[in-house]
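Q: Quick one, structure.cif (mmCIF, C-alpha atoms):
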```cif
data_data
#
loop_
_atom_site.label_atom_id
_atom_site.label_comp_id
_atom_site.auth_asym_id
_atom_site.auth_seq_id
_atom_site.Cartn_x
_atom_site.Cartn_y
_atom_site.Cartn_z
CA MET A 776 23.80 -13.27 23.18
CA ARG A 777 26.11 -11.99 20.46
CA CYS A 778 26.88 -8.29 20.10
CA LYS A 779 25.33 -8.28 16.62
CA ASP A 780 22.04 -9.65 17.97
CA PHE A 781 22.19 -7.17 20.79
CA GLN A 782 22.57 -4.24 18.43
CA GLU A 783 19.75 -5.54 16.24
CA ARG A 784 17.47 -4.90 19.21
CA LEU A 785 18.28 -1.24 19.05
CA ASP A 786 14.62 -0.19 18.84
CA GLU A 787 13.82 -1.85 22.15
CA LEU A 788 16.77 -0.10 23.75
CA TRP A 789 15.75 3.17 22.16
CA GLU A 790 12.25 2.88 23.58
CA GLY A 791 13.76 2.11 26.99
CA VAL A 792 12.77 -1.56 27.08
CA GLN A 793 15.46 -3.76 28.65
CA ALA A 794 14.75 -7.47 28.59
CA PRO A 795 16.73 -9.64 31.10
CA GLU A 796 18.98 -11.09 28.36
CA ILE A 797 19.82 -7.56 27.22
CA GLN A 798 20.72 -6.55 30.76
CA ARG A 799 22.86 -9.68 31.18
CA HIS A 800 24.73 -8.95 27.99
CA LEU A 801 25.21 -5.32 28.95
CA ALA A 802 26.71 -6.32 32.28
CA GLU A 803 29.44 -8.35 30.61
CA CYS A 804 30.09 -6.53 27.28
CA LYS A 805 31.99 -3.28 27.42
CA GLU A 806 31.58 -2.57 23.72
CA CYS A 807 27.79 -2.84 23.82
CA GLY A 808 27.78 -0.70 26.96
CA ARG A 809 29.46 1.99 24.93
CA TYR A 810 26.92 1.50 22.16
CA VAL A 811 24.07 2.04 24.60
CA ARG A 812 25.70 5.16 26.04
CA GLU A 813 26.00 6.64 22.57
CA MET A 814 22.40 5.77 21.87
CA GLN A 815 21.33 7.51 25.06
CA ILE A 816 23.28 10.59 24.05
CA VAL A 817 21.51 10.71 20.68
CA ARG A 818 18.11 10.01 22.22
CA SER A 819 18.62 12.77 24.79
CA GLY A 820 19.71 15.10 22.00
CA PHE A 821 16.45 14.42 20.20
CA SER A 822 14.50 15.14 23.40
CA VAL A 823 16.28 18.46 23.85
CA LEU A 824 15.82 19.32 20.18
CA LYS A 825 12.13 18.47 20.33
CA ARG A 826 11.59 20.98 23.12
CA GLU A 827 13.13 23.69 21.01
CA SER A 828 10.26 25.80 19.74
CA ALA A 829 9.90 26.45 16.06
CA PRO A 830 9.69 30.08 14.94
CA GLU A 831 6.20 31.53 15.09
CA PRO A 832 4.52 32.62 11.89
CA SER A 833 4.88 36.37 11.62
CA LEU A 834 1.83 38.56 12.10
CA GLY A 835 -0.49 38.45 9.11
CA PHE A 836 1.16 35.42 7.51
CA PRO A 837 -2.16 33.89 6.30
CA GLU A 838 -3.39 37.22 4.93
CA ARG A 839 -0.15 37.80 3.01
CA LEU A 840 -0.31 34.29 1.67
CA VAL A 841 -3.90 34.69 0.47
CA ARG A 842 -2.94 37.97 -1.22
CA ARG A 843 -0.03 36.22 -2.91
CA LEU A 844 -2.29 33.40 -4.07
CA GLY A 845 -4.66 35.99 -5.52
CA GLU A 846 -1.80 37.61 -7.43
CA LEU A 847 -0.61 34.26 -8.70
CA SER A 848 -4.05 33.24 -9.90
CA GLU A 849 -4.53 36.58 -11.71
CA ALA A 850 -1.30 36.25 -13.64
CA PRO A 851 -1.30 32.81 -15.25
CA SER A 852 2.12 31.26 -15.06
CA VAL A 853 4.08 29.67 -17.88
CA ALA A 854 3.20 26.31 -16.38
CA ASP A 855 -0.51 27.17 -16.58
CA PHE A 856 -0.12 28.19 -20.21
CA PHE A 857 1.55 24.90 -21.13
CA GLU A 858 -0.99 23.03 -19.11
CA SER A 859 -3.93 24.54 -20.99
CA VAL A 860 -2.23 24.18 -24.38
CA GLY A 861 -1.25 20.63 -23.52
CA ARG A 862 -4.78 19.82 -22.47
CA ARG A 863 -6.16 21.15 -25.79
CA PHE A 864 -3.62 19.10 -27.70
CA VAL A 865 -4.68 15.98 -25.84
CA TYR A 866 -8.36 16.68 -26.56
CA ALA A 867 -7.64 17.26 -30.26
CA THR A 868 -5.65 14.02 -30.44
CA LEU A 869 -8.47 12.14 -28.75
CA VAL A 870 -11.06 13.50 -31.20
CA PHE A 871 -8.83 12.65 -34.17
CA THR A 872 -8.24 9.13 -32.86
CA PHE A 873 -11.99 8.70 -32.33
CA LEU A 874 -12.73 9.76 -35.91
CA MET A 875 -10.09 7.38 -37.26
CA LEU A 876 -11.53 4.53 -35.25
CA MET A 877 -15.05 5.33 -36.46
CA ALA A 878 -13.85 5.30 -40.05
CA LEU A 879 -12.39 1.83 -39.51
CA VAL A 880 -15.28 0.42 -37.52
CA LEU A 881 -18.24 1.70 -39.56
CA PRO A 882 -19.68 -0.85 -42.09
CA SER A 883 -18.71 -0.40 -45.73
CA THR A 884 -22.40 -0.18 -46.74
CA GLY A 885 -25.34 1.60 -45.23
CA PRO A 886 -26.69 5.09 -44.83
CA VAL A 887 -23.73 6.42 -42.87
CA ARG A 888 -21.21 5.10 -45.32
CA GLY A 889 -19.02 7.59 -47.12
CA LEU A 890 -17.31 7.20 -50.48
CA ALA A 891 -14.77 4.45 -50.27
CA ALA A 892 -11.86 3.79 -52.62
CA THR A 893 -13.67 0.81 -54.13
CA ASP A 894 -16.61 3.04 -55.06
CA VAL A 895 -14.32 5.10 -57.20
CA LEU A 896 -12.45 2.15 -58.70
CA MET A 897 -15.36 -0.23 -59.47
CA PRO A 898 -17.10 1.78 -62.23
CA THR A 899 -13.78 2.20 -63.99
CA GLN A 900 -13.17 -1.57 -63.87
CA GLU A 901 -16.68 -2.29 -65.10
CA THR A 902 -16.21 0.10 -68.05
CA ALA A 903 -12.93 -1.60 -68.85
CA GLN A 904 -14.65 -5.01 -68.91
CA VAL A 905 -17.32 -3.75 -71.31
CA GLN A 906 -14.66 -2.47 -73.66
CA VAL A 907 -12.65 -5.72 -73.56
CA ASP A 908 -15.75 -7.78 -74.28
CA PRO A 909 -17.44 -5.91 -77.19
CA LEU A 910 -19.60 -8.89 -78.31
CA GLY A 911 -21.27 -9.08 -74.94
CA GLU A 912 -20.45 -12.78 -74.36
CA SER A 913 -20.01 -12.41 -70.73
CA SER A 914 -23.37 -10.66 -70.33
CA GLN A 915 -25.10 -13.38 -72.41
CA GLN A 916 -23.51 -16.06 -70.22
CA ASP A 917 -24.90 -14.34 -67.20
CA ILE A 918 -28.50 -14.54 -68.42
CA PRO A 919 -29.07 -18.30 -67.97
CA ASP A 920 -27.73 -18.13 -64.42
CA ALA A 921 -30.16 -15.40 -63.64
CA MET A 922 -33.18 -17.17 -65.34
CA SER A 923 -32.90 -20.60 -63.63
CA GLY A 924 -32.64 -23.95 -65.50
CA ASP A 925 -35.17 -23.66 -68.48
CA ALA A 926 -33.05 -21.30 -70.52
CA PRO A 927 -32.03 -22.22 -74.15
CA ALA A 928 -28.57 -23.53 -74.84
CA PRO A 929 -25.90 -20.98 -75.57
CA PRO A 930 -25.57 -20.02 -79.26
CA ALA A 931 -21.85 -20.76 -79.29
CA THR A 932 -22.60 -24.53 -78.87
CA LYS A 933 -24.91 -24.54 -81.92
CA GLY A 934 -22.32 -22.81 -84.03
CA MET A 935 -19.77 -25.52 -83.26
CA LYS A 936 -22.00 -28.24 -84.63
CA MET B 1260 -11.30 10.71 8.58
CA GLY B 1261 -12.24 11.11 12.22
CA SER B 1262 -15.62 11.98 13.72
CA ILE B 1263 -17.55 14.80 12.08
CA THR B 1264 -17.47 17.74 14.48
CA PRO B 1265 -18.63 21.26 13.54
CA GLU B 1266 -14.93 22.14 13.24
CA VAL B 1267 -14.37 19.34 10.73
CA THR B 1268 -17.52 20.32 8.81
CA GLN B 1269 -16.27 23.89 8.63
CA GLU B 1270 -12.87 22.69 7.43
CA ILE B 1271 -14.50 20.56 4.73
CA GLN B 1272 -16.44 23.62 3.58
CA TRP B 1273 -13.24 25.69 3.35
CA ILE B 1274 -11.53 22.91 1.44
CA ARG B 1275 -14.40 22.62 -1.05
CA LEU B 1276 -14.38 26.36 -1.65
CA ALA B 1277 -10.60 26.35 -2.07
CA GLN B 1278 -10.98 23.48 -4.55
CA GLU B 1279 -13.18 25.80 -6.60
CA GLY B 1280 -10.38 28.36 -6.62
CA ASP B 1281 -11.49 30.55 -3.70
CA THR B 1282 -8.23 31.90 -2.27
CA GLU B 1283 -10.02 33.63 0.62
CA ALA B 1284 -11.32 30.27 1.85
CA PHE B 1285 -7.75 29.00 1.96
CA GLY B 1286 -6.85 31.65 4.58
CA PRO B 1287 -8.59 29.93 7.52
CA LEU B 1288 -6.97 26.64 6.51
CA VAL B 1289 -3.55 28.30 6.64
CA ARG B 1290 -4.36 29.83 10.01
CA LYS B 1291 -5.42 26.46 11.38
CA HIS B 1292 -2.38 24.49 10.22
CA GLU B 1293 0.42 27.06 10.08
CA ARG B 1294 1.98 26.09 13.44
CA ARG B 1295 2.13 22.43 12.55
CA VAL B 1296 3.76 23.24 9.20
CA PHE B 1297 6.21 25.72 10.74
CA SER B 1298 7.27 23.19 13.36
CA LEU B 1299 7.70 20.42 10.79
CA VAL B 1300 9.69 22.66 8.46
CA TYR B 1301 11.88 23.92 11.26
CA HIS B 1302 12.77 20.45 12.49
CA LEU B 1303 13.38 19.14 9.01
CA VAL B 1304 15.35 22.05 7.65
CA ARG B 1305 16.76 23.50 10.88
CA ARG B 1306 17.18 26.98 9.49
CA ARG B 1307 15.20 29.39 11.55
CA ASP B 1308 15.50 32.27 9.09
CA GLU B 1309 14.18 30.25 6.16
CA VAL B 1310 11.21 28.59 7.80
CA GLU B 1311 8.64 31.21 6.82
CA ASP B 1312 9.67 31.31 3.17
CA ILE B 1313 9.61 27.55 2.92
CA ALA B 1314 6.25 27.37 4.71
CA GLN B 1315 4.84 29.89 2.25
CA GLU B 1316 6.04 27.79 -0.70
CA ILE B 1317 4.42 24.76 0.89
CA PHE B 1318 1.06 26.47 1.30
CA ILE B 1319 1.15 27.76 -2.27
CA LYS B 1320 1.93 24.25 -3.46
CA ALA B 1321 -0.92 22.92 -1.33
CA PHE B 1322 -3.37 25.42 -2.78
CA ARG B 1323 -2.38 24.52 -6.32
CA ALA B 1324 -2.77 20.84 -5.57
CA ILE B 1325 -5.90 21.10 -3.45
CA ARG B 1326 -8.14 19.73 -6.21
CA SER B 1327 -6.29 16.44 -5.86
CA TYR B 1328 -7.17 16.21 -2.15
CA ASN B 1329 -9.86 13.52 -1.99
CA PHE B 1330 -10.67 13.46 1.76
CA GLN B 1331 -9.17 9.97 2.12
CA SER B 1332 -6.76 11.13 4.82
CA SER B 1333 -7.08 14.10 7.15
CA PHE B 1334 -6.22 17.48 5.66
CA SER B 1335 -3.42 17.82 8.21
CA THR B 1336 -1.83 14.55 7.08
CA TRP B 1337 -2.16 15.57 3.44
CA LEU B 1338 -0.54 18.93 4.19
CA CYS B 1339 2.25 17.28 6.19
CA ARG B 1340 2.91 15.04 3.19
CA ILE B 1341 3.36 18.07 0.96
CA ALA B 1342 5.55 19.77 3.58
CA THR B 1343 7.71 16.68 4.08
CA ASN B 1344 8.21 16.18 0.35
CA HIS B 1345 8.98 19.85 -0.17
CA CYS B 1346 11.58 19.86 2.63
CA TYR B 1347 13.04 16.64 1.26
CA ASP B 1348 13.63 18.34 -2.09
CA TYR B 1349 15.01 21.39 -0.33
CA LEU B 1350 17.45 19.27 1.67
CA ARG B 1351 18.64 17.49 -1.43
CA HIS B 1352 19.74 20.82 -2.82
CA GLU B 1353 20.97 22.42 0.36
CA ARG B 1354 23.34 20.23 2.29
CA ALA B 1355 23.98 22.12 5.49
CA SER B 1356 27.21 21.93 7.37
CA ARG B 1357 27.54 23.65 10.68
CA VAL B 1358 30.17 23.83 13.39
CA SER B 1359 29.36 21.53 16.26
CA PHE B 1360 30.28 22.30 19.83
CA TYR B 1361 30.35 18.62 20.72
CA TRP B 1362 33.44 18.01 18.65
CA GLN B 1363 35.21 20.84 20.39
CA MET B 1364 34.78 19.19 23.79
CA GLY B 1365 37.61 17.25 25.34
CA GLU B 1366 37.21 13.50 25.85
CA ASP B 1367 36.81 13.91 29.62
CA ARG B 1368 34.07 16.43 29.15
CA GLN B 1369 32.34 14.15 26.66
CA ARG B 1370 32.50 11.32 29.18
CA ASP B 1371 30.96 13.57 31.84
CA LEU B 1372 28.17 14.39 29.47
CA GLU B 1373 27.53 10.71 28.76
CA ASP B 1374 27.38 10.00 32.51
CA ASN B 1375 24.95 12.86 33.06
CA VAL B 1376 22.74 11.72 30.21
CA GLN B 1377 22.54 8.28 31.77
CA SER B 1378 21.89 9.44 35.30
CA LEU B 1379 19.80 12.57 34.87
CA PRO B 1380 16.57 13.28 33.00
CA GLU B 1381 16.90 15.77 30.12
CA ASP B 1382 15.53 18.52 32.36
CA GLY B 1383 18.34 17.88 34.82
CA LEU B 1384 21.09 18.68 32.35
CA ASP B 1385 22.61 22.12 32.61
CA HIS B 1386 22.15 24.66 29.85
CA GLU B 1387 25.55 24.04 28.28
CA GLU B 1388 24.95 20.31 28.15
CA GLN B 1389 21.60 20.84 26.53
CA VAL B 1390 23.18 23.11 23.93
CA VAL B 1391 25.84 20.50 23.26
CA LEU B 1392 23.31 17.68 22.85
CA ARG B 1393 21.04 19.73 20.68
CA ASP B 1394 23.96 20.71 18.54
CA LEU B 1395 25.24 17.16 18.30
CA VAL B 1396 21.94 15.70 17.13
CA GLY B 1397 21.40 18.65 14.82
CA LYS B 1398 24.77 17.96 13.27
CA LEU B 1399 24.04 14.25 12.92
CA LEU B 1400 20.73 15.07 11.29
CA ASP B 1401 22.46 17.44 8.89
CA ARG B 1402 24.80 14.65 7.89
CA ALA B 1403 22.14 11.98 7.65
CA PRO B 1404 20.73 10.91 4.28
CA GLU B 1405 17.46 12.71 3.45
CA ASN B 1406 15.33 9.59 3.99
CA ASP B 1407 16.78 9.02 7.46
CA ARG B 1408 16.41 12.64 8.39
CA GLN B 1409 12.81 12.65 7.24
CA ILE B 1410 11.76 9.60 9.21
CA LEU B 1411 13.72 10.50 12.35
CA THR B 1412 12.27 14.00 12.39
CA LEU B 1413 8.72 12.75 12.00
CA LYS B 1414 9.18 10.17 14.77
CA GLU B 1415 11.53 11.76 17.26
CA LEU B 1416 10.79 15.46 16.86
CA GLN B 1417 7.21 15.60 15.64
CA ASP B 1418 5.95 12.66 17.70
CA PHE B 1419 4.03 11.05 14.88
CA SER B 1420 3.14 7.40 15.39
CA VAL B 1421 4.43 4.74 12.99
CA GLU B 1422 0.94 4.53 11.44
CA GLU B 1423 0.77 8.29 10.91
CA ILE B 1424 4.23 8.32 9.33
CA ALA B 1425 3.14 5.49 7.07
CA GLU B 1426 0.19 7.59 5.94
CA ILE B 1427 2.32 10.72 5.40
CA LEU B 1428 5.03 8.92 3.44
CA LYS B 1429 2.61 6.53 1.71
CA LEU B 1430 4.43 3.49 3.05
CA LYS B 1431 3.41 0.36 4.92
CA PRO B 1432 3.84 0.55 8.72
CA THR B 1433 6.28 -2.37 8.59
CA THR B 1434 8.39 -0.47 6.05
CA VAL B 1435 8.38 2.56 8.34
CA LYS B 1436 9.60 0.41 11.23
CA VAL B 1437 12.40 -1.04 9.13
CA ARG B 1438 13.45 2.39 7.87
CA LEU B 1439 13.35 3.82 11.35
CA HIS B 1440 15.51 1.01 12.67
CA ARG B 1441 18.04 1.51 9.89
CA ALA B 1442 18.05 5.28 10.32
CA ARG B 1443 18.75 5.00 14.05
CA LYS B 1444 21.44 2.45 13.44
CA ARG B 1445 23.11 4.53 10.75
CA MET B 1446 23.06 7.57 12.97
CA LEU B 1447 24.81 5.69 15.75
CA GLU B 1448 27.34 4.30 13.30
CA ASP B 1449 27.96 7.81 12.04
CA LEU B 1450 28.50 9.05 15.57
CA ARG B 1451 30.92 6.19 16.22
CA GLN B 1452 32.90 6.81 13.03
CA TRP B 1453 33.03 10.49 13.71
CA ARG B 1454 34.32 10.01 17.21
CA GLU B 1455 36.93 7.52 16.12
CA GLY B 1456 38.06 9.51 13.12
CA ARG B 1457 38.45 12.89 14.79
#
```
In C-alpha cells, write the structure found in this file.
A:
Amino acid sequence: MRCKDFQERLDELWEGVQAPEIQRHLAECKECGRYVREMQIVRSGFSVLKRESAPEPSLGFPERLVRRLGELSEAPSVADFFESVGRRFVYATLVFTFLMLMALVLPSTGPVRGLAATDVLMPTQETAQVQVDPLGESSQQDIPDAMSGDAPAPPATKGMK
Amino acid sequence: MGSITPEVTQEIQWIRLAQEGDTEAFGPLVRKHERRVFSLVYHLVRRRDEVEDIAQEIFIKAFRAIRSYNFQSSFSTWLCRIATNHCYDYLRHERASRVSFYWQMGEDRQRDLEDNVQSLPEDGLDHEEQVVLRDLVGKLLDRAPENDRQILTLKELQDFSVEEIAEILKLKPTTVKVRLHRARKRMLEDLRQWREGR
C-alpha cells in the first residue's frame, strides 16, 4: 500500500476502523504513523471540544425576543418599505403588460374593437380617391362586378367606335 | 417530517400562527429550540460573549422568513440551516485569531500528549491536556476555511449524521462525505504545516 492510498482512507481511520492492510502499512511506515498520531490528536480535540457546554440562554431570552419582534413589526423597516413599493411596481408593470398584450391579441373587428389607425386613415383616403376621380369612372366600373354578368357594356367602349 | 405526536401538532400550530405574523406564537418555538441554536452558534463561532446576540439575530431572521417554511423538513433542521448560514456569513467577516497554548509547548511535551491521546480515552487526560487539545482544535477551526469549519462543526461537534448535514446544507449526502473528507484532510495538513513551520 502506498502512503497516498493510505492517507486517502482517512475517514476509516477517523472513525476508528483499521483494516488489516492499514495495520500492516502502519507497522512499517513511520511517516503514516505520524499522520495517524496527528489525526488522533485532532479527533481527541474535537471530543474534548464537544463536551464543552455552550452558554445557556439568559433568563427571559424568548420573552425579550418576542418583545423585540413586536417592536420591529410595529416600525416598518426601510427594507419593508422598498419591498412594498417594489411589489406595487411589479403589479403595475404586470397590468400594463397585460393591457399591451390584449391590445395586440384582440381582433381588429368586433364589438370590443377600439379605434385603430386604419379607421382614421381610411375615410381620408376614400375622400382623396373621390376627388381624383371626379367623373366617377371607377364607381361605374364597379357596378358590373356587383350586378353579375348581364350588365350592359361600358359606355367608354361605345364612344371609341 | 416524523410521526405526528401532540408535541409536533402543537409546534405546527405555533408555526402557522407565526406565519400569520403572530409574534407571541413564536415565543414557544424559541423556547423549544434555543438550546440547539445556542450550541450550534457557540461551536461555529466560538465566542462565548457573542452567542446570545448572534442567536437573537438568527431567531429574528427565522421569524421574518417563516412564511417560506413549507414543512418539507423539520422545523429544527430549517432553523439550523438559517443558523449555519448566518454564522457562515459572520465568520466570513470576523476572522478570529487567538493565542494557542499548544504552540507554546515544548516538543517533548507535545510528544507526551500524543502518547497519552493514543493510550488513554479523552476522559483519562488531565485537565491541562484537555485544555491544550481543546485549544488546538479551536485554533485549527479558526484557521479553517468557512466551508470546512461549517461541516466539521456539524459532524464532529453537533453530532449530525451525514444525511442530516445534507438536509441542512441542501447538498447530496455524497457531496457531504467528499467535503468532510477534504475538510479533515486539510485540517491535518494545516496542523502538519504549522508544526513544521514554527
Q: Could you build a table of the residues in chain A lying no more than 6 Å from chain B, giving for each the nearest pair of atoms and their separation in Å rounded to one decimal place, using all atoms listed in the file, ordered by chain and ascending residue number, as a Markdown table?
A:
```
| residue | atom | partner | partner_atom | distance |
| --- | --- | --- | --- | --- |
| A:Gly820 | CA | B:Leu1392 | CA | 4.5 |
| A:Val823 | CA | B:Arg1393 | CA | 5.9 |
| A:Leu824 | CA | B:Arg1393 | CA | 5.3 |
| A:Lys825 | CA | B:Leu1416 | CA | 4.8 |
| A:Ala829 | CA | B:Ser1298 | CA | 5.0 |
| A:Pro837 | CA | B:Gly1286 | CA | 5.5 |
| A:Val841 | CA | B:Thr1282 | CA | 5.8 |
```
Q: Applied to this file, what does the PyMOL selection byres ((chain A and resi 787-797) around 10) return in terms of residues, put as an MDAnalysis selection string?
A: (chainID A and resid 776 780:786 798:802 807 811 814:815 817:818) or (chainID B and resid 1440 1443)
Q: What's the separation between atom CA of Ile1263 of chain B and atom CA of Asn1329 of chain B, in Å to one decimal place?
A: 16.1 Å
Q: Which of these residues is nearest to Glu803 of chain A, using only C-alpha atoms: A:Cys778, A:Leu847, A:Leu840, A:Leu874?
A: A:Cys778
Q: Got a sec: who's within 9 Å of His1345 of chain B, counting only C-alpha atoms, leaving out chain neighbours fewer than 5 positions off, as a list in words?
A: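 Counting only C-alpha atoms, the residues come to Ile1313, Glu1316, Ile1317, Lys1320, Arg1340 and Leu1350 of chain B.
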Q: Counting all atoms listed in the file, which residue out of B:Ser1327, B:Thr1336, B:Asn1406, B:Asn1344 sits closest to Ile1427 of chain B?
A: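 Checking each of B:Ser1327, B:Thr1336, B:Asn1406, B:Asn1344 against Ile1427 of chain B, counting all atoms listed in the file, the winner is B:Thr1336.
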Q: Just the number, please: distance in Å from atom CA of Gly808 of chain A to atom CA of Val1435 of chain B, one decimal.
A: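 Value for the atom CA of Gly808 of chain A-atom CA of Val1435 of chain B distance: 27.1 Å.
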Q: Provide the atom CA of Glu849 of chain A to atom CA of Cys1339 of chain B distance in Å, to one decimal place.
A: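 Atom CA of Cys1339 of chain B lies at a distance of 27.2 Å from atom CA of Glu849 of chain A.
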Q: Can you list, as an MDAnalysis selection string, the residues that the PyMOL selection byres ((chain B and resi 1270) around 10) selects here?
A: chainID B and resid 1264:1269 1271:1276 1284:1285 1287:1288 1291 1334
Q: Taking only C-alpha atoms into account, name the residue in B:Thr1434, B:Gln1452, B:Gln1409, B:Gln1278 that is nearest to Ala1324 of chain B.
A: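 Of B:Thr1434, B:Gln1452, B:Gln1409, B:Gln1278, the one nearest Ala1324 of chain B is B:Gln1278, counting only C-alpha atoms.
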